[in-house]
Every structure is written in structure tokens, then in C-alpha cells.
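Structure data follow from final_0.pdb (PDB, C-alpha atoms and all ligand atoms):
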ATOM      1  CA  MET I1216       0.000   0.000   0.000
ATOM      2  CA  LYS I1217       0.999   3.580  -0.690
ATOM      3  CA  MET I1218      -0.617   6.902   0.029
ATOM      4  CA  ILE I1219      -0.500   9.371  -2.828
ATOM      5  CA  ILE I1220      -0.940  12.995  -1.826
ATOM      6  CA  ALA I1221      -1.675  15.167  -4.862
ATOM      7  CA  ILE I1222      -2.204  18.927  -4.719
ATOM      8  CA  VAL I1223      -4.018  20.198  -7.823
ATOM      9  CA  GLN I1224      -5.852  23.323  -8.951
ATOM     10  CA  ASP I1225      -9.542  23.535  -8.036
ATOM     11  CA  LYS I1226     -10.443  23.750 -11.728
ATOM     12  CA  ASP I1227      -9.016  20.251 -12.360
ATOM     13  CA  SER I1228     -10.462  18.714  -9.221
ATOM     14  CA  ASN I1229     -13.810  17.425 -10.511
ATOM     15  CA  ARG I1230     -12.320  15.863 -13.630
ATOM     16  CA  LEU I1231      -9.618  14.133 -11.578
ATOM     17  CA  THR I1232     -12.214  12.821  -9.127
ATOM     18  CA  ASP I1233     -14.211  11.298 -11.989
ATOM     19  CA  LYS I1234     -11.200   9.729 -13.673
ATOM     20  CA  LEU I1235      -9.857   8.190 -10.452
ATOM     21  CA  SER I1236     -13.307   6.817  -9.697
ATOM     22  CA  GLU I1237     -13.622   5.298 -13.186
ATOM     23  CA  ASN I1238     -10.354   3.479 -12.474
ATOM     24  CA  ASN I1239     -11.576   2.215  -9.087
ATOM     25  CA  LEU I1240      -9.108   4.366  -7.181
ATOM     26  CA  LYS I1241     -10.495   5.506  -3.842
ATOM     27  CA  THR I1242      -9.802   9.082  -2.901
ATOM     28  CA  THR I1243     -10.470  11.567  -0.127
ATOM     29  CA  LYS I1244     -10.402  15.280  -0.902
ATOM     30  CA  LEU I1245      -9.279  18.199   1.256
ATOM     31  CA  SER I1246      -9.819  21.850   0.515
ATOM     32  CA  THR I1247      -6.407  23.477   0.810
ATOM     33  CA  THR I1248      -4.650  26.788   0.253
ATOM     34  CA  GLY I1249      -1.296  27.293  -1.376
ATOM     35  CA  GLY I1250       1.332  29.167   0.572
ATOM     36  CA  PHE I1251       2.228  31.306  -2.408
ATOM     37  CA  LEU I1252      -0.862  31.509  -4.544
ATOM     38  CA  ARG I1253      -3.835  33.030  -2.811
ATOM     39  CA  GLU I1254      -6.169  30.860  -4.830
ATOM     40  CA  GLY I1255      -7.630  27.633  -3.446
ATOM     41  CA  ASN I1256      -6.478  24.214  -4.457
ATOM     42  CA  THR I1257      -7.575  20.682  -3.677
ATOM     43  CA  THR I1258      -5.477  17.980  -2.043
ATOM     44  CA  PHE I1259      -6.271  14.376  -2.935
ATOM     45  CA  MET I1260      -5.328  11.528  -0.590
ATOM     46  CA  ILE I1261      -5.342   8.322  -2.610
ATOM     47  CA  GLY I1262      -4.754   5.007  -0.874
ATOM     48  CA  CYS I1263      -3.762   2.319  -3.349
ATOM     49  CA  ASN I1264      -1.825  -0.892  -3.852
ATOM     50  CA  ASP I1265       1.804  -0.676  -4.966
ATOM     51  CA  ASP I1266       0.894  -1.862  -8.454
ATOM     52  CA  GLU I1267      -1.726   0.872  -8.851
ATOM     53  CA  VAL I1268       0.650   3.783  -8.163
ATOM     54  CA  ASP I1269       1.690   4.145 -11.819
ATOM     55  CA  ASP I1270      -1.953   4.130 -12.925
ATOM     56  CA  ALA I1271      -2.811   6.845 -10.427
ATOM     57  CA  LEU I1272       0.202   8.979 -11.374
ATOM     58  CA  GLY I1273      -0.698   8.651 -15.046
ATOM     59  CA  ILE I1274      -4.261   9.801 -14.404
ATOM     60  CA  ILE I1275      -3.061  12.796 -12.382
ATOM     61  CA  LYS I1276      -0.534  13.731 -15.059
ATOM     62  CA  GLU I1277      -3.107  13.421 -17.848
ATOM     63  CA  ASN I1278      -5.741  15.520 -16.134
ATOM     64  CA  CYS I1279      -3.842  18.093 -14.104
ATOM     65  CA  SER I1280      -0.583  18.910 -15.895
ATOM     66  CA  GLN I1281       0.436  22.522 -16.245
ATOM     67  CA  ARG I1282      -0.609  23.844 -19.662
ATOM     68  CA  ASP I1283      -1.167  27.059 -21.554
ATOM     69  CA  GLN I1284      -4.644  28.451 -21.981
ATOM     70  CA  MET I1285      -5.771  31.423 -24.060
ATOM     71  CA  VAL I1286      -8.025  33.754 -22.099
ATOM     72  CA  ALA I1287      -9.803  36.970 -23.116
ATOM     73  CA  PRO I1288      -8.371  39.803 -21.049
ATOM     74  CA  ILE I1289     -10.608  42.111 -19.056
ATOM     75  CA  SER I1290     -11.342  45.357 -20.952
ATOM     76  CA  PRO I1291      -9.414  48.275 -19.473
ATOM     77  CA  MET I1292     -11.632  50.341 -17.204
ATOM     78  CA  GLY I1293     -12.498  53.775 -18.536
ATOM     79  CA  GLY I1294     -11.197  52.953 -21.992
ATOM     80  CA  ASN I1295     -13.144  53.430 -25.185
ATOM     81  CA  ALA I1296     -14.982  50.099 -25.380
ATOM     82  CA  ASP I1297     -15.840  50.620 -29.069
ATOM     83  CA  SER I1298     -12.267  50.886 -30.229
ATOM     84  CA  TYR I1299     -10.950  48.210 -27.860
ATOM     85  CA  ILE I1300     -10.344  44.831 -29.465
ATOM     86  CA  PRO I1301      -9.461  42.295 -26.747
ATOM     87  CA  LYS I1302      -6.532  40.106 -27.735
ATOM     88  CA  PRO I1303      -6.483  36.714 -26.008
ATOM     89  CA  VAL I1304      -3.489  36.240 -23.730
ATOM     90  CA  LYS I1305      -1.738  33.013 -22.858
ATOM     91  CA  VAL I1306      -1.791  31.997 -19.173
ATOM     92  CA  GLU I1307      -0.493  28.875 -17.443
ATOM     93  CA  VAL I1308      -3.157  26.798 -15.700
ATOM     94  CA  GLY I1309      -3.174  23.477 -13.887
ATOM     95  CA  GLY I1310      -0.170  21.751 -12.433
ATOM     96  CA  ALA I1311       0.097  19.049  -9.789
ATOM     97  CA  THR I1312       2.492  18.489  -6.886
ATOM     98  CA  VAL I1313       2.509  14.804  -5.972
ATOM     99  CA  PHE I1314       4.028  12.894  -3.036
ATOM    100  CA  VAL I1315       4.050   9.092  -2.727
ATOM    101  CA  LEU I1316       4.284   8.018   0.915
ATOM    102  CA  PRO I1317       4.995   4.560   2.338
ATOM    103  CA  ILE I1318       2.318   2.976   4.542
ATOM    104  CA  ASP I1319       2.950   0.560   7.410
ATOM    105  CA  SER I1320      -0.538  -0.893   7.481
ATOM    106  CA  PHE I1321      -4.051  -0.343   6.222
ATOM    107  CA  PHE I1322      -7.434  -1.171   7.755
ATOM    108  CA  GLN I1323     -11.056  -1.005   6.705
ATOM    109  CA  PHE I1324     -13.566  -1.213   9.570
TER     110      PHE I1324
ATOM    111  CA  MET U 958       6.032   7.333  16.559
ATOM    112  CA  LYS U 959       3.372   6.643  13.955
ATOM    113  CA  MET U 960       0.799   8.806  12.266
ATOM    114  CA  ILE U 961      -2.624   7.251  11.984
ATOM    115  CA  ILE U 962      -4.847   8.766   9.292
ATOM    116  CA  ALA U 963      -8.461   7.691   9.764
ATOM    117  CA  ILE U 964     -11.314   8.731   7.473
ATOM    118  CA  VAL U 965     -14.692   8.315   9.166
ATOM    119  CA  GLN U 966     -18.279   9.438   8.661
ATOM    120  CA  ASP U 967     -19.211  12.837  10.097
ATOM    121  CA  LYS U 968     -21.855  11.193  12.291
ATOM    122  CA  ASP U 969     -19.169   9.188  14.146
ATOM    123  CA  SER U 970     -16.726  12.056  14.403
ATOM    124  CA  ASN U 971     -17.723  13.580  17.751
ATOM    125  CA  ARG U 972     -17.888  10.236  19.547
ATOM    126  CA  LEU U 973     -14.470   9.243  18.192
ATOM    127  CA  THR U 974     -12.998  12.594  19.275
ATOM    128  CA  ASP U 975     -14.271  12.052  22.817
ATOM    129  CA  LYS U 976     -13.038   8.456  23.061
ATOM    130  CA  LEU U 977      -9.560   9.282  21.721
ATOM    131  CA  SER U 978      -9.340  12.185  24.161
ATOM    132  CA  GLU U 979     -10.372   9.966  27.110
ATOM    133  CA  ASN U 980      -7.482   7.677  26.166
ATOM    134  CA  ASN U 981      -5.009  10.585  25.990
ATOM    135  CA  LEU U 982      -4.579  10.252  22.227
ATOM    136  CA  LYS U 983      -3.945  13.603  20.570
ATOM    137  CA  THR U 984      -5.759  14.194  17.333
ATOM    138  CA  THR U 985      -6.189  16.829  14.661
ATOM    139  CA  LYS U 986      -9.321  16.827  12.516
ATOM    140  CA  LEU U 987      -9.791  17.796   8.872
ATOM    141  CA  SER U 988     -13.074  18.276   7.084
ATOM    142  CA  THR U 989     -12.878  16.109   3.977
ATOM    143  CA  THR U 990     -14.987  14.902   1.075
ATOM    144  CA  GLY U 991     -15.128  11.393  -0.291
ATOM    145  CA  GLY U 992     -14.419  10.906  -3.969
ATOM    146  CA  PHE U 993     -17.391   8.624  -4.380
ATOM    147  CA  LEU U 994     -19.880   9.626  -1.736
ATOM    148  CA  ARG U 995     -21.044  13.196  -2.001
ATOM    149  CA  GLU U 996     -21.489  13.376   1.761
ATOM    150  CA  GLY U 997     -18.862  14.902   4.004
ATOM    151  CA  ASN U 998     -16.531  12.904   6.173
ATOM    152  CA  THR U 999     -13.892  13.717   8.740
ATOM    153  CA  THR U1000     -10.219  12.779   8.578
ATOM    154  CA  PHE U1001      -8.382  12.273  11.864
ATOM    155  CA  MET U1002      -4.605  12.645  12.068
ATOM    156  CA  ILE U1003      -3.452  10.907  15.242
ATOM    157  CA  GLY U1004       0.187  11.088  16.258
ATOM    158  CA  CYS U1005       1.048   8.354  18.750
ATOM    159  CA  ASN U1006       3.781   6.117  20.085
ATOM    160  CA  ASP U1007       4.256   2.696  18.505
ATOM    161  CA  ASP U1008       2.758   0.963  21.546
ATOM    162  CA  GLU U1009      -0.394   3.092  21.343
ATOM    163  CA  VAL U1010      -1.278   2.173  17.748
ATOM    164  CA  ASP U1011      -3.306  -0.904  18.754
ATOM    165  CA  ASP U1012      -5.236   1.138  21.319
ATOM    166  CA  ALA U1013      -6.055   3.787  18.731
ATOM    167  CA  LEU U1014      -7.103   1.211  16.110
ATOM    168  CA  GLY U1015      -9.334  -0.511  18.668
ATOM    169  CA  ILE U1016     -11.055   2.765  19.545
ATOM    170  CA  ILE U1017     -11.637   3.596  15.868
ATOM    171  CA  LYS U1018     -12.995   0.096  15.191
ATOM    172  CA  GLU U1019     -15.310   0.214  18.193
ATOM    173  CA  ASN U1020     -16.773   3.620  17.399
ATOM    174  CA  CYS U1021     -16.790   3.856  13.608
ATOM    175  CA  SER U1022     -17.272   0.365  12.154
ATOM    176  CA  GLN U1023     -19.763  -0.082   9.360
ATOM    177  CA  ARG U1024     -23.097  -1.278  10.741
ATOM    178  CA  ASP U1025     -26.741  -1.588   9.816
ATOM    179  CA  GLN U1026     -29.240   0.977  10.995
ATOM    180  CA  MET U1027     -33.017   0.950  10.634
ATOM    181  CA  VAL U1028     -34.363   4.217   9.298
ATOM    182  CA  ALA U1029     -37.922   5.386   8.561
ATOM    183  CA  PRO U1030     -38.206   5.973   4.835
ATOM    184  CA  ILE U1031     -39.485   9.267   3.422
ATOM    185  CA  SER U1032     -43.205   9.063   2.491
ATOM    186  CA  PRO U1033     -43.667   8.864  -1.283
ATOM    187  CA  MET U1034     -44.603  12.237  -2.738
ATOM    188  CA  GLY U1035     -48.145  12.510  -4.013
ATOM    189  CA  GLY U1036     -49.123   9.230  -2.391
ATOM    190  CA  ASN U1037     -52.086   8.737  -0.122
ATOM    191  CA  ALA U1038     -50.554   9.610   3.240
ATOM    192  CA  ASP U1039     -53.427   8.025   5.188
ATOM    193  CA  SER U1040     -53.026   4.571   3.745
ATOM    194  CA  TYR U1041     -49.206   4.710   3.699
ATOM    195  CA  ILE U1042     -47.548   2.816   6.555
ATOM    196  CA  PRO U1043     -43.794   3.528   6.485
ATOM    197  CA  LYS U1044     -41.749   0.380   6.933
ATOM    198  CA  PRO U1045     -38.277   0.960   8.361
ATOM    199  CA  VAL U1046     -35.493   0.089   5.958
ATOM    200  CA  LYS U1047     -32.021  -1.118   6.754
ATOM    201  CA  VAL U1048     -29.137   1.120   5.658
ATOM    202  CA  GLU U1049     -25.411   0.794   6.205
ATOM    203  CA  VAL U1050     -23.822   3.602   8.206
ATOM    204  CA  GLY U1051     -20.341   4.287   9.542
ATOM    205  CA  GLY U1052     -17.175   2.699   8.299
ATOM    206  CA  ALA U1053     -13.552   3.776   8.642
ATOM    207  CA  THR U1054     -10.594   3.738   6.267
ATOM    208  CA  VAL U1055      -7.363   3.773   8.257
ATOM    209  CA  PHE U1056      -3.719   4.202   7.240
ATOM    210  CA  VAL U1057      -0.764   3.853   9.612
ATOM    211  CA  LEU U1058       2.243   5.846   8.371
ATOM    212  CA  PRO U1059       5.836   5.696   9.580
ATOM    213  CA  ILE U1060       7.342   8.883  11.014
ATOM    214  CA  ASP U1061      10.998   9.896  10.839
ATOM    215  CA  SER U1062      10.881  12.355  13.694
ATOM    216  CA  PHE U1063       8.509  14.293  15.897
ATOM    217  CA  PHE U1064       8.819  17.713  17.541
ATOM    218  CA  GLN U1065       6.796  19.794  19.964
ATOM    219  CA  PHE U1066       7.751  23.476  20.057
TER     220      PHE U1066
ATOM    221  CA  MET W1216      12.511  14.381   0.052
ATOM    222  CA  LYS W1217      10.545  14.651   3.263
ATOM    223  CA  MET W1218       7.060  15.840   4.084
ATOM    224  CA  ILE W1219       6.828  18.015   7.158
ATOM    225  CA  ILE W1220       3.372  18.195   8.707
ATOM    226  CA  ALA W1221       3.150  21.068  11.186
ATOM    227  CA  ILE W1222       0.041  21.908  13.199
ATOM    228  CA  VAL W1223       0.147  25.478  14.515
ATOM    229  CA  GLN W1224      -2.249  28.021  15.993
ATOM    230  CA  ASP W1225      -4.225  30.140  13.527
ATOM    231  CA  LYS W1226      -2.669  33.305  14.978
ATOM    232  CA  ASP W1227       0.824  32.175  13.912
ATOM    233  CA  SER W1228      -0.250  30.912  10.501
ATOM    234  CA  ASN W1229       0.248  34.027   8.368
ATOM    235  CA  ARG W1230       3.680  34.800   9.795
ATOM    236  CA  LEU W1231       4.814  31.212   9.254
ATOM    237  CA  THR W1232       3.533  31.281   5.666
ATOM    238  CA  ASP W1233       5.548  34.425   4.946
ATOM    239  CA  LYS W1234       8.753  33.135   6.554
ATOM    240  CA  LEU W1235       8.596  29.759   4.750
ATOM    241  CA  SER W1236       7.991  31.581   1.475
ATOM    242  CA  GLU W1237      10.951  33.911   2.062
ATOM    243  CA  ASN W1238      13.099  30.790   2.462
ATOM    244  CA  ASN W1239      11.743  29.237  -0.754
ATOM    245  CA  LEU W1240       9.943  26.470   1.115
ATOM    246  CA  LYS W1241       6.742  25.418  -0.653
ATOM    247  CA  THR W1242       3.786  24.796   1.571
ATOM    248  CA  THR W1243       0.138  23.807   1.379
ATOM    249  CA  LYS W1244      -2.223  24.799   4.176
ATOM    250  CA  LEU W1245      -5.224  22.970   5.612
ATOM    251  CA  SER W1246      -7.773  24.386   8.006
ATOM    252  CA  THR W1247      -7.945  21.938  10.912
ATOM    253  CA  THR W1248      -9.526  21.517  14.321
ATOM    254  CA  GLY W1249      -7.810  20.231  17.421
ATOM    255  CA  GLY W1250      -9.341  17.276  19.214
ATOM    256  CA  PHE W1251      -8.982  18.930  22.577
ATOM    257  CA  LEU W1252      -9.046  22.626  21.967
ATOM    258  CA  ARG W1253     -12.218  23.858  20.339
ATOM    259  CA  GLU W1254     -10.295  26.612  18.597
ATOM    260  CA  GLY W1255      -9.153  26.275  14.998
ATOM    261  CA  ASN W1256      -5.613  25.622  13.963
ATOM    262  CA  THR W1257      -3.775  25.391  10.673
ATOM    263  CA  THR W1258      -1.885  22.378   9.350
ATOM    264  CA  PHE W1259       1.052  23.023   7.035
ATOM    265  CA  MET W1260       2.245  20.356   4.587
ATOM    266  CA  ILE W1261       5.783  21.255   3.540
ATOM    267  CA  GLY W1262       7.541  19.183   0.904
ATOM    268  CA  CYS W1263      11.285  19.711   1.005
ATOM    269  CA  ASN W1264      14.666  18.170   0.338
ATOM    270  CA  ASP W1265      16.407  16.303   3.149
ATOM    271  CA  ASP W1266      18.912  19.134   3.605
ATOM    272  CA  GLU W1267      16.120  21.693   4.012
ATOM    273  CA  VAL W1268      14.402  19.935   6.923
ATOM    274  CA  ASP W1269      16.510  21.658   9.592
ATOM    275  CA  ASP W1270      15.836  25.053   8.010
ATOM    276  CA  ALA W1271      12.096  24.410   7.983
ATOM    277  CA  LEU W1272      12.072  23.144  11.583
ATOM    278  CA  GLY W1273      14.036  26.220  12.692
ATOM    279  CA  ILE W1274      11.541  28.549  11.021
ATOM    280  CA  ILE W1275       8.593  26.758  12.620
ATOM    281  CA  LYS W1276      10.260  26.835  16.048
ATOM    282  CA  GLU W1277      11.106  30.520  15.741
ATOM    283  CA  ASN W1278       7.644  31.623  14.678
ATOM    284  CA  CYS W1279       5.256  29.250  16.424
ATOM    285  CA  SER W1280       6.787  28.174  19.730
ATOM    286  CA  GLN W1281       4.602  28.196  22.810
ATOM    287  CA  ARG W1282       5.119  31.410  24.744
ATOM    288  CA  ASP W1283       3.540  33.548  27.430
ATOM    289  CA  GLN W1284       1.469  36.558  26.513
ATOM    290  CA  MET W1285      -0.022  39.177  28.816
ATOM    291  CA  VAL W1286      -3.673  39.839  28.046
ATOM    292  CA  ALA W1287      -6.156  42.251  29.606
ATOM    293  CA  PRO W1288      -8.883  40.198  31.261
ATOM    294  CA  ILE W1289     -12.556  40.808  30.506
ATOM    295  CA  SER W1290     -14.205  43.027  33.160
ATOM    296  CA  PRO W1291     -16.452  40.975  35.431
ATOM    297  CA  MET W1292     -20.073  41.359  34.418
ATOM    298  CA  GLY W1293     -22.235  43.267  36.872
ATOM    299  CA  GLY W1294     -19.221  44.493  38.815
ATOM    300  CA  ASN W1295     -18.512  48.078  39.661
ATOM    301  CA  ALA W1296     -16.646  49.180  36.527
ATOM    302  CA  ASP W1297     -15.318  52.320  38.187
ATOM    303  CA  SER W1298     -13.495  50.555  40.963
ATOM    304  CA  TYR W1299     -12.316  47.651  38.777
ATOM    305  CA  ILE W1300      -8.707  47.898  37.677
ATOM    306  CA  PRO W1301      -8.009  45.130  35.135
ATOM    307  CA  LYS W1302      -4.758  43.354  35.880
ATOM    308  CA  PRO W1303      -3.157  41.718  32.822
ATOM    309  CA  VAL W1304      -2.984  37.947  33.091
ATOM    310  CA  LYS W1305      -0.411  35.636  31.574
ATOM    311  CA  VAL W1306      -1.708  33.089  29.040
ATOM    312  CA  GLU W1307       0.147  30.561  26.928
ATOM    313  CA  VAL W1308      -0.216  31.044  23.175
ATOM    314  CA  GLY W1309       1.294  29.399  20.141
ATOM    315  CA  GLY W1310       2.857  25.982  20.057
ATOM    316  CA  ALA W1311       3.545  23.625  17.170
ATOM    317  CA  THR W1312       3.234  19.862  16.766
ATOM    318  CA  VAL W1313       5.514  18.703  13.958
ATOM    319  CA  PHE W1314       5.891  15.357  12.173
ATOM    320  CA  VAL W1315       8.583  14.591   9.591
ATOM    321  CA  LEU W1316       7.476  11.817   7.214
ATOM    322  CA  PRO W1317       9.552   9.857   4.734
ATOM    323  CA  ILE W1318       8.599  10.114   1.052
ATOM    324  CA  ASP W1319       9.063   7.380  -1.554
ATOM    325  CA  SER W1320       8.899   9.660  -4.561
ATOM    326  CA  PHE W1321       7.922  13.140  -5.649
ATOM    327  CA  PHE W1322       6.499  14.454  -8.928
ATOM    328  CA  GLN W1323       5.674  17.821 -10.412
ATOM    329  CA  PHE W1324       3.369  17.711 -13.444
TER     330      PHE W1324
HETATM  331 NI    NI H   1      -3.552  -1.107 -12.660
HETATM  332 NI    NI H   2      -1.851   1.757  25.597
HETATM  333 NI    NI H   3      19.154  25.209   3.627
END
For this file, write the structure as C-alpha cells.
Ligand code: NI
Ligand code: NI
Ligand code: NI
Amino acid sequence: MKMIIAIVQDKDSNRLTDKLSENNLKTTKLSTTGGFLREGNTTFMIGCNDDEVDDALGIIKENCSQRDQMVAPISPMGGNADSYIPKPVKVEVGGATVFVLPIDSFFQF
Amino acid sequence: MKMIIAIVQDKDSNRLTDKLSENNLKTTKLSTTGGFLREGNTTFMIGCNDDEVDDALGIIKENCSQRDQMVAPISPMGGNADSYIPKPVKVEVGGATVFVLPIDSFFQF
Amino acid sequence: MKMIIAIVQDKDSNRLTDKLSENNLKTTKLSTTGGFLREGNTTFMIGCNDDEVDDALGIIKENCSQRDQMVAPISPMGGNADSYIPKPVKVEVGGATVFVLPIDSFFQF
């Protein structure tokens, strides 16, 4: 048994939950806050067998990796809205920090 | 030293807190969400000496094990309330998922 | 790699966050509840290299240790407010419970 602790962005949390569930990986979620970023994130605790660790890591990587996203910028306040043509800007979203911890024993009561 | 991480149903949380406290086991509680069940659960982090692990596991087992409970079902909407005799149904409640983790070192400042 | 789990009082949480950040230590925060104390506390999960553990422990000790604080007591209700001279009382604040856990592997996606 291992415990995987994965810290991901809130926006990727629901998709990750679904994908882990589809693969019969049991997870418990904690609402957490990054020390740097003000924004909220979600911490997953996943208890799994040794031979399921690679599966779980693959699912996290596939669904939560850092990637670029084009977003429409907010119009500048007080500007001339008619002449302003918003140009999408590239921002980085997602990303996962993952720890695999050893477990001495596991029980289900 | 070991760290016991126990995920239990919210309904068993207060009783478990009391019983651990009566046995001088120090615990920290996190509000968590199951990946499958929508309902909330509580995660206990219990730091204890090696020779206290069995005590702690016994207390969790005694107070949080999965068991059957008879509950009165909700009356069917739009049915004839006069002729409807609710028959209690058996549901499973409780249950605990428990991990025992090794600890390298422990400090109290 | 190690994972440091530090449970500190809410009142020390912001200062600890800042100091860890200044020392390039990445942290994730959880809102937690003590089993004994009713009051809230904050749990820090700090992932760091083996040679950064002493730094992190020093920062936690410096910013969260238990210490005495003089506080003005609440005036007794119904007493004669004019003749009552509040005498500051000494209370213990702060304190940190810290676990250092081994980590099998670490990933950043
Ligand atoms: Ni597999
Ligand atoms: Ni004992
Ligand atoms: Ni250093």
C-alpha cells in the first residue's frame, strides 16, 4: 500500500475525481490553500496498492498537468470600449504536486 | 512514533474525538470529502507512540465500524398519506478507512 | 525528500507562511480543528529536500513556539466598573506539533 498525496488546482479537481473513480481508485479530498498563490487548491489523498501507483500517477498527469490556456483579457476600465479589441493572452493553468508516501498498514472497519 | 490517518463518517466524528481524548490520544481533525460519496466525512490525524497504535485502532474500530441501521423511509410524494404505513429500511452507516504511516521524527515546540 | 506536517495556531499561521515563502519552502495549508481545543488551527504540509528539513524546523520553532502573553482580562459582568482595575494575566499562546514523514517519490506535473 501507498498513500499518494496530490495537490491540484480547483479547476481540475472534478475531472480528476471522476477519472480516479472510473479506475476504481479511492480518494479523499481536502480543501487546501497554497502558501504562495492566494487561490484555493484541492489535495487528494489516494490510498492504493503498490501496483496501482503508476496508474494513479498517469491519471493525475493526464488531467492536471500545467498547460497554456488562451483567455480573453478584461477590458481596461475607462477605456473606449468601441475601439478596444481584446486580444487573447496566454496563461499557465493546472499543475500538480505529488508525493508518494509509504504505509505501514491499512485497515477497513 | 506513527501517524494514523483515519477517514470516518461525520456522524461518528464527535464520539471518536471524545473516546480518543479519554485515552489521551492527541488528534487533529480535517473536514474532507469522499471521492465517491457526495457526503462529508472527517479525517483524523493521530500522532502516537508505537505501543499506542493498537489502542487507537481498537477505539476507531469500536466507534466507527460499518453497521446496519433501521431508518424510517421518506413518504412517497403525491401518495395517499393516510393509507401509507412507512416500513423501516435497513441502511449501512459508519465505516472507517485507516492508514498507519511511519514517522521519521517528531517535535513539539 | 521529506514531508513536514506542522500543526500550529491560527494566529501564527500568516507569519509562518511568509517566513517559509521567504526561504523558498513550498507549503500547502489545511484548516484543521484540534481534538482537545475547540479553537481552529492550521496544518502546514511542507515538501522539502532532506537538507532543508533543519531550516524548515528552525523557522517553525522561531515563529510558532509556545510562549507567554499578557492579556487584559474581561471586566467581570455586573461588577462596579469604576473601581475595577483590570490586571493583565499571563496566558500561553502558540505551540507547534511537527511530524517529519519519509517520502518514496515526488512528482511535479
Ligand atoms: Ni492497474
Ligand atoms: Ni496503551
Ligand atoms: Ni538550507
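Picture a line from CA of Gly1262 (chain I) to CA of Lys1217 (chain I); it runs 5.9 Å.
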What gap, in Å, lies between CA of Gln1065 (chain U) and CA of Asp1007 (chain U)?
17.3 Å
Find the nearest atom pair between each residue of chain I and ligand NI 1 (chain H) for residues within 12 Å, count only C-alpha atoms and all ligand atoms, give distances in Å to one decimal, sort rows by chain and ascending number, and present the table as JSON lines.
{"residue": "I:Leu1235", "atom": "CA", "partner": "H:NI1", "partner_atom": "NI", "distance": 11.4}
{"residue": "I:Glu1237", "atom": "CA", "partner": "H:NI1", "partner_atom": "NI", "distance": 11.9}
{"residue": "I:Asn1238", "atom": "CA", "partner": "H:NI1", "partner_atom": "NI", "distance": 8.2}
{"residue": "I:Asn1239", "atom": "CA", "partner": "H:NI1", "partner_atom": "NI", "distance": 9.4}
{"residue": "I:Leu1240", "atom": "CA", "partner": "H:NI1", "partner_atom": "NI", "distance": 9.5}
{"residue": "I:Cys1263", "atom": "CA", "partner": "H:NI1", "partner_atom": "NI", "distance": 9.9}
{"residue": "I:Asn1264", "atom": "CA", "partner": "H:NI1", "partner_atom": "NI", "distance": 9.0}
{"residue": "I:Asp1265", "atom": "CA", "partner": "H:NI1", "partner_atom": "NI", "distance": 9.4}
{"residue": "I:Asp1266", "atom": "CA", "partner": "H:NI1", "partner_atom": "NI", "distance": 6.2}
{"residue": "I:Glu1267", "atom": "CA", "partner": "H:NI1", "partner_atom": "NI", "distance": 4.7}
{"residue": "I:Val1268", "atom": "CA", "partner": "H:NI1", "partner_atom": "NI", "distance": 7.9}
{"residue": "I:Asp1269", "atom": "CA", "partner": "H:NI1", "partner_atom": "NI", "distance": 7.5}
{"residue": "I:Asp1270", "atom": "CA", "partner": "H:NI1", "partner_atom": "NI", "distance": 5.5}
{"residue": "I:Ala1271", "atom": "CA", "partner": "H:NI1", "partner_atom": "NI", "distance": 8.3}
{"residue": "I:Leu1272", "atom": "CA", "partner": "H:NI1", "partner_atom": "NI", "distance": 10.8}
{"residue": "I:Gly1273", "atom": "CA", "partner": "H:NI1", "partner_atom": "NI", "distance": 10.4}
{"residue": "I:Ile1274", "atom": "CA", "partner": "H:NI1", "partner_atom": "NI", "distance": 11.1}
Have a look at I:Asn1229, I:Ser1280, I:Thr1258, I:Gln1224 and name the one nearest to chain W; count all atoms listed in the file.
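For chain W, the nearest of the given residues is I:Ser1280.
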Can you give me, as a ChimeraX atom specification, the residues this file yields under the PyMOL selection byres ((chain W) within 12 of (chain U))?
/W:1216-1224,1244-1258,1265,1268-1269,1272-1282,1308-1319
Length of the CA of Asp969 (chain U) to CA of Asp1025 (chain U) vector [Å]:
13.9 Å
